[in-house]
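Only one structure is covered here, and it is reproduced in the block below.
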Amino acid sequence: MTTGSFLRAEGLPPEVGGLMSTRRGGVSRAPFDSLNLRPAGLRGDAVDEPAAIHENQRRFAGWLEGAQPVYLDQVHGARVVRLTRADLARGQAFAQADASVTTERGVACTVLVADCLPVLLAAPGGHAVGAAHAGWRGLAGGVVEATLEAVCEAAGCAPSEVSAWLGACIGPEAFEVGDDVREAFGPGAVAFFRPGVAPGKWWADLPGLARHRLQLAGVTQVSGGQWCTHSEPARFFSFRRDRVTGRHAAAIWIR
């Protein structure tokens with residue numbers, strides 16, 4: 001389901017809420033227009049006005065049915081952190097990780113993206129939820145599998161019982177990579193790479209790779225993943241397209 005300002009995650013248990021913001025509905029000025037959610041306290045050379053970010057984050061939090069987002073200091077790795085309500089009081093003390101899980105109501109596991117793929121995971125009955133930031137490095141490094149394992153451990157369930165939703169990311173018609181990326185995923189993933197124009201270049205299917213890895217891990221309920229951030233500049237931020245840009249957020253919470 002899509003609204004003007006966010007994509008609603010479908011295919012999750014009714015006890016769970018999930019969504020991903022678009023670039024619409026905020027107050028930031030170009031090139032961060034308009035709903036840039038990247039916290040001002042995180043490093044990086046893309047500097048938006050803190051007051052605008054704060055207002056954007058307030059609006060985003062208002063869509064989460066009373067839950068509060070917990071942002072991470074993402075480094076394209078595979079570390080997963082367990083969140084509790086105590087993390088809501090940490091303010092700008094961002095945990096360095098690329099995924100989070102929780103079993104507590106009121107806490108929204110949240111990841112930031114602008115071409116990378118957000119993956120939301122939910123255990124049956126909403127006993128645990130998780131969010132993963134899956135760029136190609138994190139995906140190849142096992143961030144989705146690590147998040148799935150953490151959700152299953154927290155909820156006491158099997159991977160086959162977990163539901164997954166893939167948000168918007170750079171699509172297979174726009175994500176050109178080199179041999180190093182193709183080799184990082186191994187011979188079992190060659191079907192998700194098409195030859196590019198130049199030798200040693202490939203068009204990579206990031207959501208296809210994520211579905212493949214989830215299926216190998218035992219997840220059978222996977223939805224979403226049909227939006228391309230690169231090809232819709234009026235709707236989505238894209239780092240590869242614009243270089244200096246804002247960030248979307250994807251969040252999942254227990255109702």
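Here, A, B, ... name the chains of the structure tokens in the order displayed, residue numbers run from 1 inside each chain, and ligands are numbered from 1 in the same displayed order.
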Practice task
Considering only C-alpha atoms, return as a PyMOL selection string whatever protein or nucleic-acid residues lie within 7 Å of Thr103 in chain A, sequence-local ones (same chain, fewer than 4 positions apart) excluded.
Solution key: chain A and resi 127-129+154
Exercise for the section: For range 109-114 of chain A, work out the shell of residues within 9 Å, counting only C-alpha atoms and skipping chain neighbours fewer than 3 positions away, then give it as a PyMOL selection string. Expected result: chain A and resi 37-38+68-72+74+83+98-102+117-120+129-135+168-170+229-230+236-240+245-253
Problem - Contact residues around Gly106 in chain A with only C-alpha atoms at 9 Å, ignoring same-chain residues under 3 positions, as a ChimeraX atom specification - result: /A:65-69,84-85,88,253-255
Go ahead and save the residues from that selection, with N, CA and C atoms, as a PDB file, in the first residue's frame.
ATOM      1  N   GLU A  65       2.083   4.911  15.045  1.00  0.00           N
ATOM      2  CA  GLU A  65       1.054   4.401  15.953  1.00  0.00           C
ATOM      3  C   GLU A  65       1.496   4.412  17.415  1.00  0.00           C
ATOM      4  N   GLY A  66       2.227   5.439  17.783  1.00  0.00           N
ATOM      5  CA  GLY A  66       2.666   5.570  19.165  1.00  0.00           C
ATOM      6  C   GLY A  66       4.050   5.018  19.449  1.00  0.00           C
ATOM      7  N   ALA A  67       4.613   4.232  18.541  1.00  0.00           N
ATOM      8  CA  ALA A  67       5.985   3.744  18.710  1.00  0.00           C
ATOM      9  C   ALA A  67       6.961   4.867  18.386  1.00  0.00           C
ATOM     10  N   GLN A  68       8.186   4.751  18.906  1.00  0.00           N
ATOM     11  CA  GLN A  68       9.214   5.752  18.655  1.00  0.00           C
ATOM     12  C   GLN A  68      10.388   5.107  17.904  1.00  0.00           C
ATOM     13  N   PRO A  69      10.870   5.752  16.838  1.00  0.00           N
ATOM     14  CA  PRO A  69      11.978   5.175  16.074  1.00  0.00           C
ATOM     15  C   PRO A  69      13.303   5.272  16.819  1.00  0.00           C
ATOM     16  N   THR A  84      15.430  -2.070  23.575  1.00  0.00           N
ATOM     17  CA  THR A  84      14.402  -2.060  24.609  1.00  0.00           C
ATOM     18  C   THR A  84      13.897  -0.626  24.759  1.00  0.00           C
ATOM     19  N   ARG A  85      12.941  -0.444  25.631  1.00  0.00           N
ATOM     20  CA  ARG A  85      12.423   0.907  25.848  1.00  0.00           C
ATOM     21  C   ARG A  85      13.489   1.836  26.428  1.00  0.00           C
ATOM     22  N   LEU A  88      14.985   4.360  24.023  1.00  0.00           N
ATOM     23  CA  LEU A  88      14.245   5.558  23.629  1.00  0.00           C
ATOM     24  C   LEU A  88      14.777   6.803  24.320  1.00  0.00           C
ATOM     25  N   TRP A 253       7.350  -2.097  14.037  1.00  0.00           N
ATOM     26  CA  TRP A 253       7.061  -2.045  15.477  1.00  0.00           C
ATOM     27  C   TRP A 253       5.946  -3.047  15.817  1.00  0.00           C
ATOM     28  N   ILE A 254       5.871  -3.378  17.101  1.00  0.00           N
ATOM     29  CA  ILE A 254       4.813  -4.246  17.616  1.00  0.00           C
ATOM     30  C   ILE A 254       3.671  -3.384  18.097  1.00  0.00           C
ATOM     31  N   ARG A 255       2.491  -3.669  17.620  1.00  0.00           N
ATOM     32  CA  ARG A 255       1.317  -2.872  17.993  1.00  0.00           C
ATOM     33  C   ARG A 255       0.849  -3.182  19.416  1.00  0.00           C
TER      34      ARG A 255
END
Handout entry: Residue list (alpha helix (DSSP H), DSSP) for range 13-166 of chain A, as a ChimeraX atom specification
Key = /A:50-61,136-141,143-155
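Across the model, the gap from CA of Leu35 in chain A to CA of Leu19 in chain A is 14.3 Å.
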Exercise for the section: Report the residues of range 28-205 of chain A whose backbone DSSP state falls under strand (DSSP E or B), written as number ranges by chain. Expected result: A: 68-70, 72-73, 80-83, 95-96, 99-102, 107-113, 117-122, 129-134, 163-166, 169, 176-178, 193-195, 201-204
Please produce a file of the residues just selected, as a compact mmCIF listing (two decimals), in the first residue's frame, where the atoms kept are C-alpha atoms.
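Saved file again.txt follows:
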# COMPACT_ATOMS: atom_id res chain seq x y z
CA GLN A 68 9.21 5.75 18.66
CA PRO A 69 11.98 5.17 16.07
CA VAL A 70 15.47 4.24 17.22
CA LEU A 72 21.41 3.54 14.12
CA ASP A 73 24.90 4.59 13.08
CA VAL A 80 22.44 -6.56 15.01
CA VAL A 81 21.47 -4.83 18.27
CA ARG A 82 18.60 -5.72 20.62
CA LEU A 83 16.48 -2.69 21.49
CA ALA A 95 24.49 2.31 18.33
CA GLN A 96 26.89 1.36 15.54
CA ALA A 99 20.10 -3.91 12.06
CA SER A 100 18.01 -4.02 15.19
CA VAL A 101 15.39 -6.26 16.78
CA THR A 102 12.96 -5.81 19.64
CA VAL A 107 10.02 0.70 20.12
CA ALA A 108 10.32 0.98 16.33
CA CYS A 109 13.33 -0.75 14.78
CA THR A 110 14.45 1.76 12.15
CA VAL A 111 17.00 1.89 9.33
CA LEU A 112 18.00 4.74 7.00
CA VAL A 113 18.38 4.23 3.24
CA LEU A 117 17.43 -2.04 0.64
CA PRO A 118 15.49 -1.97 3.92
CA VAL A 119 14.33 -5.40 5.06
CA LEU A 120 11.62 -5.64 7.73
CA LEU A 121 11.09 -8.95 9.56
CA ALA A 122 8.26 -10.03 11.85
CA VAL A 129 10.38 -7.65 14.92
CA GLY A 130 13.55 -6.52 13.19
CA ALA A 131 14.84 -4.10 10.56
CA ALA A 132 17.99 -4.51 8.45
CA HIS A 133 19.92 -2.04 6.28
CA ALA A 134 20.98 -4.13 3.29
CA SER A 163 7.31 -12.66 7.42
CA ALA A 164 9.59 -10.32 5.46
CA TRP A 165 8.91 -7.08 3.63
CA LEU A 166 11.35 -5.41 1.24
CA CYS A 169 15.89 0.43 -3.25
CA GLU A 176 25.56 -1.24 -12.17
CA VAL A 177 28.37 -2.98 -10.25
CA GLY A 178 31.78 -4.52 -10.93
CA PHE A 193 23.45 -10.30 -12.34
CA ARG A 194 23.04 -9.36 -16.01
CA PRO A 195 26.00 -8.31 -18.19
CA LYS A 201 30.25 -4.55 -15.38
CA TRP A 202 26.95 -6.06 -14.26
CA TRP A 203 23.38 -4.98 -13.55
CA ALA A 204 22.60 -6.30 -10.07
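In this model, the gap between CA of Ala51 in chain A and CA of Arg24 in chain A comes to 17.1 Å.
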Problem - Pick from A:Ala158, A:Gly142, A:Pro172, A:Ala123 nearest to Ala184 in chain A, counting only C-alpha atoms - result: A:Gly142
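For the atom pair formed by CA of Phe175 in chain A and CA of Phe192 in chain A, the distance is 11.4 Å, given to one decimal.
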Completion exercise
Min atom-atom distance to Ala9 in chain A from the set A:Ala97, A:Cys157, A:Ala40, A:Val222, counting only C-alpha atoms, belongs to A:Val222
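Residue nearest Pro14 in chain A, chosen from A:Pro124, A:Arg29, A:Pro199, A:Asp179 and counting only C-alpha atoms: A:Pro124.
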